[in-house]
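**Student:** Here you go, one structure.
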Amino acid sequence: MSPLWSFKAFMAGTGAEGAESAAAPINGISIDTRSLQPGDAYFAIQGDVHDGHKFVPQAFEKGASIAVVSKPCEGEGPKALVPDVLAAMGSLAAAARARSKARIAAVTGSVGKTSSKQALQLALGASGQVHVSDKSYNNHWGVPLSLARLPQEAEFAVFEIGMNHPGEITPLVKLVRPHAALITIVAPVHIGFFKSLDEIAAAKAEIFDGLEPDGTAVLNRDNDYFDYLSAQAKAGGAGRIISFGAHEAADMRLNMLAQHDGYSCVSARLLGEETLYKLGAPGRHMVLNSLGVLGVVEALGADLALAALALAGMQPEAGRGGRSILGLRGGTAVLIDESYNANPASMRAALSLLAAARPGAGGRRIAVLGDMLELGDAAERLHAELADELGGIDKLFACGPHMAALWAKVPAGARGIYAENSSQLADALCESVASGDVVMIKGSLGSRMGLLAEALKARYPAPEPRQ
Ligand SMILES: Nc1ncnc2c1ncn2[C@@H]1O[C@H](COP(=O)(O)OP(=O)(O)OP(=O)(O)O)[C@@H](O)[C@H]1O
Ligand SMILES: [Mg+2]
């Protein structure tokens with residue numbers, strides 16, 4: 001196989017000077033020596049905490065083919081000199097886009113970007129070679145890094161694009177130049193950084209600033225901002241709009257779904273064709289994401305039937321709905337780990353997923369919730385409003401100052417325990433879990449709810465499978 005970048009194309013792409021050749025074929029791009037693989041080109045980026053130039057010696061020790069630097073630094077190996085390392089990675093990303101013949105999608109939205117990207121990897125993979133962003137690499141360094149990694153041979157590519165502030169998406173999508181732009185949903189996430197939900201919708205609509213002429217916008221028909229986003233897409237030059245959702249006018253329309261433990265069976269009407277498919281990740285929200293994904297598949301000209309079939313292979317990612325069995329004395333309980341992050345939209349989705357779960361004999365549906373962060377002045381209200389979503393839940397365990405607002409609204413019979421932070425909740429939660437229970441843990445990353453999932457798994461290891 002040809003390398004990701006020839007030395008010549010790499011130097012031209014970055015605009016770098018100095019190096020005569022690379023130490024090895026350039027087969028990847030890295031900005032972090034902890035995950036650097038032999039053959040990667042190392043970009044010494046100045047981060048918030050560390051200056052990447054300090055790690056150039058480690059990069060070469062781990063087999064970097066070349067280091068891109070903006071000043072003299074230690075380390076023995078070929079160094080490509082540029083005025084600004086992040087800008088050079090952006091230039092290389094633009095070169096990757098210019099040489100690519102891939103059909104490209106950009107995914108943004110308040111929630112569901114990574115889940116949709118992961119589903120697209122499977123769905124498009126049924127039609128050809130796909131490249132996707134790693135993890136949630138969706139910001140001012142994540143997008144250029146992901147694009148610079150695009151192999152020339154890829155037939156499809158999917159890039160996640162995120163934002164915390166207005167104006168962040170525009171330069172990123174102009175780099176990606178997608179043929180299809182998917183907006184999963186507009187909801188109050190990071191609303192502390194915005195004046196209103198309208199302002200969030202306007203910032204998401206920046207995704208059309210980089211859409212290729214006559215490209216396709218894939219939009220959520222159920223969302224209040226559908227009309228607004230359609231108008232913005234057309235104003236941005238979109239040639240086609242594909243809508244998805246439960247709305248009867250949706251092009252990719254949900255008819256019915258059956259939720260099972262760990263997966264869903266979906267009956268949908270895809271551009272007028274009745275279709276049945278299985279989705280290997282649980283929750284109605286994931287089903288709605290999958291309809292958007294199929295909209296992108298259609299927009300990029302990949303095979304829709306093969307794509308729908310491939311969705312059966314989806315697996316929830318770490319902290320996003322993965323299930324484990326807890327081996328208790330006298331039985332088992334189920335842990336649903338949603339601890340990766342939380343905001344009002346994903347909290348509601350996770351509570352509805354828990355409400356749809358079937359506990360074992362005598363078991364309860366237990367929600368363990370930590371604070372949702374970055375909600376600014378709306379925080380108290382948005383926490384308290386979750387009380388309306390607790391209908392299908394038997395017990396609530398909660399922690400964090402904002403969750404006190406929800407706790408105050410919960411009837412005594414549904415109260416488990418409240419603590420100031422997650423570590424103070426750990427012992428009480430472990431003591432309370434009983435055979436048959438389904439326990440769902442969720443909160444913002446900063447609320448450190450992951451440690452509760454770890455505590456439960458450590459205390460109650462999964463039973464050995466019977467032979
Ligand atoms: N359509 C949806 N509606 C509500 N919640 C969703 C939806 N899709 C995913 N979620 C939930 O939102 C959380 C984050 O999902 P995911 O990682 O896919 O989002 P993201 O947009 O990539 O987030 P980030 O901005 O952190 O990268 C998970 O808990 C997931 O279950
Ligand atoms: Mg993400």
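Following the order of the structure tokens, first chain is A, next is B, and so on, with residues numbered from 1 inside each chain and ligands from 1 in the order they appear.
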Neighbours of ligand 2 within 8 Å, counting only C-alpha atoms and all ligand atoms, as a list in words?

**Tutor:**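 Here is the list of contacting residues: Val111, Gly112, Lys113, Thr114, Ser115, Lys135, Ser136, Tyr137, Asn138, Glu160 and Gly162 of chain A.
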
**Student:** Give one line per residue of chain A that approaches ligand 1 to at most 9 Å, naming the two atoms of the closest pair and their distance in Å to one decimal, counting only C-alpha atoms and all ligand atoms; sort by chain then ascending residue number and deliver it as a tab-separated table.

**Tutor:**
```
residue	atom	partner	partner_atom_place_in_ligand_line	distance
A:Val107	CA	ligand 1	21 (O)	8.8
A:Thr108	CA	ligand 1	21 (O)	7.1
A:Gly109	CA	ligand 1	21 (O)	6.1
A:Ser110	CA	ligand 1	21 (O)	5.5
A:Val111	CA	ligand 1	21 (O)	3.4
A:Gly112	CA	ligand 1	8 (N)	3.3
A:Lys113	CA	ligand 1	21 (O)	3.7
A:Thr114	CA	ligand 1	22 (O)	3.6
A:Ser115	CA	ligand 1	18 (O)	3.6
A:Ser116	CA	ligand 1	18 (O)	6.3
A:Lys117	CA	ligand 1	18 (O)	7.9
A:Gln118	CA	ligand 1	18 (O)	8.4
A:Lys135	CA	ligand 1	27 (O)	8.1
A:Ser136	CA	ligand 1	27 (O)	4.7
A:Tyr137	CA	ligand 1	27 (O)	7.6
A:Asn138	CA	ligand 1	27 (O)	7.1
A:Glu160	CA	ligand 1	22 (O)	7.5
A:Ile161	CA	ligand 1	27 (O)	8.5
A:Gly162	CA	ligand 1	25 (O)	6.2
A:Met163	CA	ligand 1	25 (O)	7.8
A:Asn164	CA	ligand 1	25 (O)	8.8
A:Thr184	CA	ligand 1	1 (N)	6.3
A:Ile185	CA	ligand 1	1 (N)	6.3
A:Ala187	CA	ligand 1	3 (N)	8.7
A:Val189	CA	ligand 1	25 (O)	8.5
A:Pro282	CA	ligand 1	31 (O)	8.9
A:Gly283	CA	ligand 1	31 (O)	7.9
A:Arg284	CA	ligand 1	1 (N)	8.2
A:His285	CA	ligand 1	1 (N)	4.4
A:Met286	CA	ligand 1	8 (N)	5.6
A:Val287	CA	ligand 1	1 (N)	8.1
A:Leu288	CA	ligand 1	1 (N)	6.1
A:Asn289	CA	ligand 1	1 (N)	5.4
A:Pro316	CA	ligand 1	31 (O)	8.4
A:Glu317	CA	ligand 1	17 (O)	8.1
A:Gly319	CA	ligand 1	29 (O)	7.4
A:Arg320	CA	ligand 1	29 (O)	4.9
A:Gly321	CA	ligand 1	31 (O)	6.1
A:Glu338	CA	ligand 1	29 (O)	5.5
A:Ser339	CA	ligand 1	29 (O)	7.5
A:Tyr340	CA	ligand 1	29 (O)	6.6
A:Asn341	CA	ligand 1	29 (O)	5.9
A:Ala342	CA	ligand 1	29 (O)	6.0
A:Asn343	CA	ligand 1	12 (O)	7.6
A:Pro344	CA	ligand 1	4 (C)	8.2
A:Ala345	CA	ligand 1	4 (C)	4.7
A:Ser346	CA	ligand 1	5 (N)	3.4
A:Met347	CA	ligand 1	5 (N)	6.9
A:Arg348	CA	ligand 1	4 (C)	6.8
A:Ala349	CA	ligand 1	4 (C)	4.9
A:Ala350	CA	ligand 1	31 (O)	6.4
A:Lys442	CA	ligand 1	29 (O)	7.7
A:Gly443	CA	ligand 1	29 (O)	8.9
```

**Student:** Find, counting only C-alpha atoms, the residue in A:Leu182, A:Met256, A:Ala67, A:Val49 that gets nearest to Gly215 in chain A.

**Tutor:**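 Result for the nearest residue to Gly215 in chain A: A:Leu182.
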
**Student:** How close does each residue of range 6-74 of chain A get to range 78-91 of chain A, giving the shortest atom pair and distance in Å to one decimal for every residue with an atom at most 9 Å away, counting only C-alpha atoms, sorted by chain and residue number, as JSON lines?

**Tutor:**
```
{"residue": "A:Met11", "atom": "CA", "partner": "A:Ala80", "partner_atom": "CA", "distance": 7.7}
{"residue": "A:Gly13", "atom": "CA", "partner": "A:Ser91", "partner_atom": "CA", "distance": 5.9}
{"residue": "A:Thr14", "atom": "CA", "partner": "A:Ala88", "partner_atom": "CA", "distance": 4.7}
{"residue": "A:Gly15", "atom": "CA", "partner": "A:Ala88", "partner_atom": "CA", "distance": 6.8}
{"residue": "A:Ala16", "atom": "CA", "partner": "A:Val82", "partner_atom": "CA", "distance": 5.0}
{"residue": "A:Glu17", "atom": "CA", "partner": "A:Leu81", "partner_atom": "CA", "distance": 5.1}
{"residue": "A:Gly18", "atom": "CA", "partner": "A:Ala80", "partner_atom": "CA", "distance": 5.3}
{"residue": "A:Ala19", "atom": "CA", "partner": "A:Ala80", "partner_atom": "CA", "distance": 5.0}
{"residue": "A:Glu20", "atom": "CA", "partner": "A:Pro78", "partner_atom": "CA", "distance": 7.4}
{"residue": "A:Ser21", "atom": "CA", "partner": "A:Pro78", "partner_atom": "CA", "distance": 6.9}
{"residue": "A:Ala22", "atom": "CA", "partner": "A:Pro78", "partner_atom": "CA", "distance": 6.0}
{"residue": "A:Ala23", "atom": "CA", "partner": "A:Pro78", "partner_atom": "CA", "distance": 6.7}
{"residue": "A:Phe43", "atom": "CA", "partner": "A:Val85", "partner_atom": "CA", "distance": 6.5}
{"residue": "A:Ala44", "atom": "CA", "partner": "A:Val85", "partner_atom": "CA", "distance": 6.5}
{"residue": "A:Ile45", "atom": "CA", "partner": "A:Val85", "partner_atom": "CA", "distance": 5.8}
{"residue": "A:Gln46", "atom": "CA", "partner": "A:Val85", "partner_atom": "CA", "distance": 8.0}
{"residue": "A:Phe60", "atom": "CA", "partner": "A:Pro78", "partner_atom": "CA", "distance": 9.0}
{"residue": "A:Ser65", "atom": "CA", "partner": "A:Pro78", "partner_atom": "CA", "distance": 7.5}
{"residue": "A:Ile66", "atom": "CA", "partner": "A:Pro78", "partner_atom": "CA", "distance": 5.2}
{"residue": "A:Ala67", "atom": "CA", "partner": "A:Lys79", "partner_atom": "CA", "distance": 4.8}
{"residue": "A:Val68", "atom": "CA", "partner": "A:Ala80", "partner_atom": "CA", "distance": 4.7}
{"residue": "A:Val69", "atom": "CA", "partner": "A:Leu81", "partner_atom": "CA", "distance": 5.2}
{"residue": "A:Ser70", "atom": "CA", "partner": "A:Val82", "partner_atom": "CA", "distance": 5.0}
{"residue": "A:Lys71", "atom": "CA", "partner": "A:Leu81", "partner_atom": "CA", "distance": 7.2}
{"residue": "A:Pro72", "atom": "CA", "partner": "A:Leu81", "partner_atom": "CA", "distance": 8.6}
```

**Student:** Would you save the residues of that selection, restricted to N, CA and C atoms, as a PDB file, in the first residue's frame?

**Tutor:**
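The resulting file, out25.pdb, is shown below:
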```pdb
ATOM      1  N   MET A  11       5.688  17.721   2.423  1.00  0.00           N
ATOM      2  CA  MET A  11       6.384  19.006   2.541  1.00  0.00           C
ATOM      3  C   MET A  11       5.608  20.095   1.795  1.00  0.00           C
ATOM      4  N   GLY A  13       2.395  20.064   1.180  1.00  0.00           N
ATOM      5  CA  GLY A  13       1.124  20.266   1.884  1.00  0.00           C
ATOM      6  C   GLY A  13       1.279  21.133   3.123  1.00  0.00           C
ATOM      7  N   THR A  14       2.345  20.906   3.871  1.00  0.00           N
ATOM      8  CA  THR A  14       2.553  21.681   5.107  1.00  0.00           C
ATOM      9  C   THR A  14       3.238  23.014   4.816  1.00  0.00           C
ATOM     10  N   GLY A  15       3.865  23.117   3.658  1.00  0.00           N
ATOM     11  CA  GLY A  15       4.652  24.327   3.344  1.00  0.00           C
ATOM     12  C   GLY A  15       5.930  24.387   4.174  1.00  0.00           C
ATOM     13  N   ALA A  16       6.382  23.223   4.665  1.00  0.00           N
ATOM     14  CA  ALA A  16       7.545  23.200   5.559  1.00  0.00           C
ATOM     15  C   ALA A  16       8.858  23.238   4.782  1.00  0.00           C
ATOM     16  N   GLU A  17       9.916  23.610   5.514  1.00  0.00           N
ATOM     17  CA  GLU A  17      11.269  23.602   4.948  1.00  0.00           C
ATOM     18  C   GLU A  17      12.193  22.850   5.884  1.00  0.00           C
ATOM     19  N   GLY A  18      13.375  22.550   5.395  1.00  0.00           N
ATOM     20  CA  GLY A  18      14.410  22.040   6.299  1.00  0.00           C
ATOM     21  C   GLY A  18      14.698  20.567   6.153  1.00  0.00           C
ATOM     22  N   ALA A  19      13.678  19.729   6.233  1.00  0.00           N
ATOM     23  CA  ALA A  19      13.956  18.284   6.208  1.00  0.00           C
ATOM     24  C   ALA A  19      14.333  17.846   4.789  1.00  0.00           C
ATOM     25  N   GLU A  20      15.274  16.888   4.720  1.00  0.00           N
ATOM     26  CA  GLU A  20      15.718  16.362   3.418  1.00  0.00           C
ATOM     27  C   GLU A  20      14.890  15.145   3.018  1.00  0.00           C
ATOM     28  N   SER A  21      14.497  14.394   4.024  1.00  0.00           N
ATOM     29  CA  SER A  21      13.690  13.190   3.776  1.00  0.00           C
ATOM     30  C   SER A  21      13.068  12.774   5.099  1.00  0.00           C
ATOM     31  N   ALA A  22      12.131  11.867   5.059  1.00  0.00           N
ATOM     32  CA  ALA A  22      11.551  11.347   6.303  1.00  0.00           C
ATOM     33  C   ALA A  22      12.322  10.096   6.710  1.00  0.00           C
ATOM     34  N   ALA A  23      12.274   9.773   8.010  1.00  0.00           N
ATOM     35  CA  ALA A  23      13.010   8.609   8.505  1.00  0.00           C
ATOM     36  C   ALA A  23      12.312   7.305   8.126  1.00  0.00           C
ATOM     37  N   PHE A  43       3.269  16.396  14.871  1.00  0.00           N
ATOM     38  CA  PHE A  43       3.095  17.855  14.839  1.00  0.00           C
ATOM     39  C   PHE A  43       3.226  18.385  16.264  1.00  0.00           C
ATOM     40  N   ALA A  44       4.228  19.223  16.492  1.00  0.00           N
ATOM     41  CA  ALA A  44       4.527  19.730  17.850  1.00  0.00           C
ATOM     42  C   ALA A  44       3.650  20.939  18.150  1.00  0.00           C
ATOM     43  N   ILE A  45       2.408  20.664  18.509  1.00  0.00           N
ATOM     44  CA  ILE A  45       1.441  21.748  18.703  1.00  0.00           C
ATOM     45  C   ILE A  45       1.560  22.343  20.102  1.00  0.00           C
ATOM     46  N   GLN A  46       1.380  23.650  20.172  1.00  0.00           N
ATOM     47  CA  GLN A  46       1.363  24.344  21.460  1.00  0.00           C
ATOM     48  C   GLN A  46      -0.042  24.209  22.046  1.00  0.00           C
ATOM     49  N   PHE A  60      10.503  10.834  18.348  1.00  0.00           N
ATOM     50  CA  PHE A  60      11.488  10.074  17.540  1.00  0.00           C
ATOM     51  C   PHE A  60      11.797   8.721  18.172  1.00  0.00           C
ATOM     52  N   SER A  65       8.189   9.470  11.858  1.00  0.00           N
ATOM     53  CA  SER A  65       8.903   9.554  10.582  1.00  0.00           C
ATOM     54  C   SER A  65       9.485  10.942  10.375  1.00  0.00           C
ATOM     55  N   ILE A  66       8.830  11.947  10.981  1.00  0.00           N
ATOM     56  CA  ILE A  66       9.262  13.332  10.815  1.00  0.00           C
ATOM     57  C   ILE A  66       8.563  14.147  11.899  1.00  0.00           C
ATOM     58  N   ALA A  67       9.164  15.266  12.310  1.00  0.00           N
ATOM     59  CA  ALA A  67       8.503  16.152  13.276  1.00  0.00           C
ATOM     60  C   ALA A  67       8.324  17.515  12.635  1.00  0.00           C
ATOM     61  N   VAL A  68       7.141  18.069  12.781  1.00  0.00           N
ATOM     62  CA  VAL A  68       6.874  19.415  12.265  1.00  0.00           C
ATOM     63  C   VAL A  68       6.970  20.373  13.441  1.00  0.00           C
ATOM     64  N   VAL A  69       7.905  21.330  13.329  1.00  0.00           N
ATOM     65  CA  VAL A  69       8.211  22.213  14.463  1.00  0.00           C
ATOM     66  C   VAL A  69       8.280  23.666  13.987  1.00  0.00           C
ATOM     67  N   SER A  70       8.162  24.596  14.955  1.00  0.00           N
ATOM     68  CA  SER A  70       8.264  26.007  14.573  1.00  0.00           C
ATOM     69  C   SER A  70       9.481  26.683  15.192  1.00  0.00           C
ATOM     70  N   LYS A  71      10.279  25.903  15.925  1.00  0.00           N
ATOM     71  CA  LYS A  71      11.495  26.492  16.529  1.00  0.00           C
ATOM     72  C   LYS A  71      12.489  25.358  16.803  1.00  0.00           C
ATOM     73  N   PRO A  72      13.743  25.722  17.016  1.00  0.00           N
ATOM     74  CA  PRO A  72      14.723  24.672  17.305  1.00  0.00           C
ATOM     75  C   PRO A  72      14.326  23.923  18.573  1.00  0.00           C
TER      76      PRO A  72
END
```

**Student:** Could you give me, as a list of chain:residue names, the residues within 10 Å of Arg459 in chain A, counting only C-alpha atoms and dropping anything in the same chain fewer than 6 positions from it?

**Tutor:**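 Non-adjacent residues within range: A:Leu326, A:Gly327, A:Leu328, A:Asp427, A:Cys430, A:Glu431.
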
**Student:** Using only C-alpha atoms, which protein or nucleic acid residues come within 10 Å of Ala96 in chain A? Drop anything in the same chain fewer than 3 positions from it, and give the result as JSON, numbers by chain.

**Tutor:** {"A": [4, 5, 9, 10, 13, 90, 91, 92, 93, 99, 100, 101, 144, 147, 148, 149, 150, 151, 152, 175, 176]}

**Student:** Using DSSP assignments from the backbone, pull out every residue in range 304-445 of chain A that falls under strand (DSSP E) and give it to me as a PyMOL selection string.

**Tutor:** chain A and resi 322-328+331-338+365-369+395-399+415-419+438-442

**Student:** Suppose you want the space between CA of Thr33 in chain A and CA of His131 in chain A; what is it in Å?

**Tutor:** 22.0 Å

**Student:** I need the residues of range 178-299 of chain A that end up classed as alpha helix (DSSP H) by DSSP on the backbone, written out as a ChimeraX atom specification.

**Tutor:** /A:197-204,226-235,284-299

**Student:** For each of A:Ile191, A:Ala268, A:Leu279, A:Val186, take the minimum atom-to-atom distance to Tyr228 in chain A, counting only C-alpha atoms, then give the residue where this is smallest.

**Tutor:** A:Val186

**Student:** Set the distance at 12 Å and use only C-alpha atoms: which residues neighbour Arg103 in chain A once local chain neighbours fewer than 5 positions away are removed? I'd like the list as number ranges by chain.

**Tutor:** A: 97, 124, 127-132, 150, 152-159, 176-181, 212, 215-216, 296-302

**Student:** Dump C-alpha atoms for the selected residues as an mmCIF file, in the first residue's frame?

**Tutor:**
```cif
data_model
loop_
_atom_site.group_PDB
_atom_site.id
_atom_site.type_symbol
_atom_site.label_atom_id
_atom_site.label_comp_id
_atom_site.auth_asym_id
_atom_site.auth_seq_id
_atom_site.Cartn_x
_atom_site.Cartn_y
_atom_site.Cartn_z
ATOM 1 C CA ARG A 97 -9.155 17.411 0.815
ATOM 2 C CA LEU A 124 -20.985 3.493 4.405
ATOM 3 C CA SER A 127 -20.335 0.319 0.033
ATOM 4 C CA GLY A 128 -16.635 1.156 0.121
ATOM 5 C CA GLN A 129 -13.570 2.262 2.085
ATOM 6 C CA VAL A 130 -14.490 4.796 4.770
ATOM 7 C CA HIS A 131 -12.367 7.184 6.787
ATOM 8 C CA VAL A 132 -13.850 8.767 9.923
ATOM 9 C CA LEU A 150 -7.631 11.057 5.130
ATOM 10 C CA GLN A 152 -6.059 9.174 -0.785
ATOM 11 C CA GLU A 153 -7.876 5.905 -1.614
ATOM 12 C CA ALA A 154 -10.844 6.480 0.738
ATOM 13 C CA GLU A 155 -14.192 6.380 -1.042
ATOM 14 C CA PHE A 156 -16.172 7.937 1.787
ATOM 15 C CA ALA A 157 -15.216 10.144 4.708
ATOM 16 C CA VAL A 158 -17.099 11.421 7.750
ATOM 17 C CA PHE A 159 -15.953 14.285 9.946
ATOM 18 C CA VAL A 176 -13.851 19.789 5.053
ATOM 19 C CA ARG A 177 -16.066 20.936 2.139
ATOM 20 C CA PRO A 178 -18.658 18.172 2.623
ATOM 21 C CA HIS A 179 -21.067 16.873 0.011
ATOM 22 C CA ALA A 180 -23.565 16.183 2.771
ATOM 23 C CA ALA A 181 -24.059 18.036 6.059
ATOM 24 C CA GLU A 212 -20.145 21.854 -1.719
ATOM 25 C CA GLY A 215 -24.695 19.471 -1.688
ATOM 26 C CA THR A 216 -27.308 17.883 0.560
ATOM 27 C CA VAL A 296 -26.457 10.759 4.621
ATOM 28 C CA VAL A 297 -25.960 7.366 2.974
ATOM 29 C CA GLU A 298 -28.530 8.352 0.373
ATOM 30 C CA ALA A 299 -26.990 11.814 -0.055
ATOM 31 C CA LEU A 300 -23.554 10.323 -0.712
ATOM 32 C CA GLY A 301 -24.898 7.799 -3.220
ATOM 33 C CA ALA A 302 -24.010 4.688 -1.193
#
```

**Student:** One decimal, in Å: what's the spacing between CA of Lys457 in chain A and CA of Ile393 in chain A?

**Tutor:** 21.7 Å

**Student:** Using only C-alpha atoms, can you tell me which of A:Glu420, A:Glu76, A:Asp394, A:Asp303 comes closest to Asp437 in chain A?

**Tutor:**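 Smallest distance to Asp437 in chain A is found for A:Asp394.
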
**Student:** As an exercise, work out the distance from CA of Asp198 in chain A to CA of Lys174 in chain A in Å and give it to one decimal place.

**Tutor:**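 If I compute the distance from CA of Asp198 in chain A to CA of Lys174 in chain A, I get 22.6 Å.
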
**Student:** From the options A:Val439, A:Ala249, A:Leu351, A:Ile366, which residue's atoms come nearest to Leu386 in chain A, counting only C-alpha atoms?

**Tutor:**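 The closest residue to Leu386 in chain A is A:Leu351.
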
**Student:** Excluding same-chain residues fewer than 6 positions from range 356-361 of chain A, what lies within 12 Å of it counting only C-alpha atoms, as a ChimeraX atom specification?

**Tutor:** /A:257-264,282-284,321,323,325,330-336,349-350,367,390-394,434-440

**Student:** Which neighbours of Met314 in chain A fall inside 8 Å, counting only C-alpha atoms, when residues of the same chain fewer than 4 positions from it are skipped, and could you give them as JSON, numbers by chain?

**Tutor:** {"A": [118, 119, 122, 279, 280, 281, 310]}
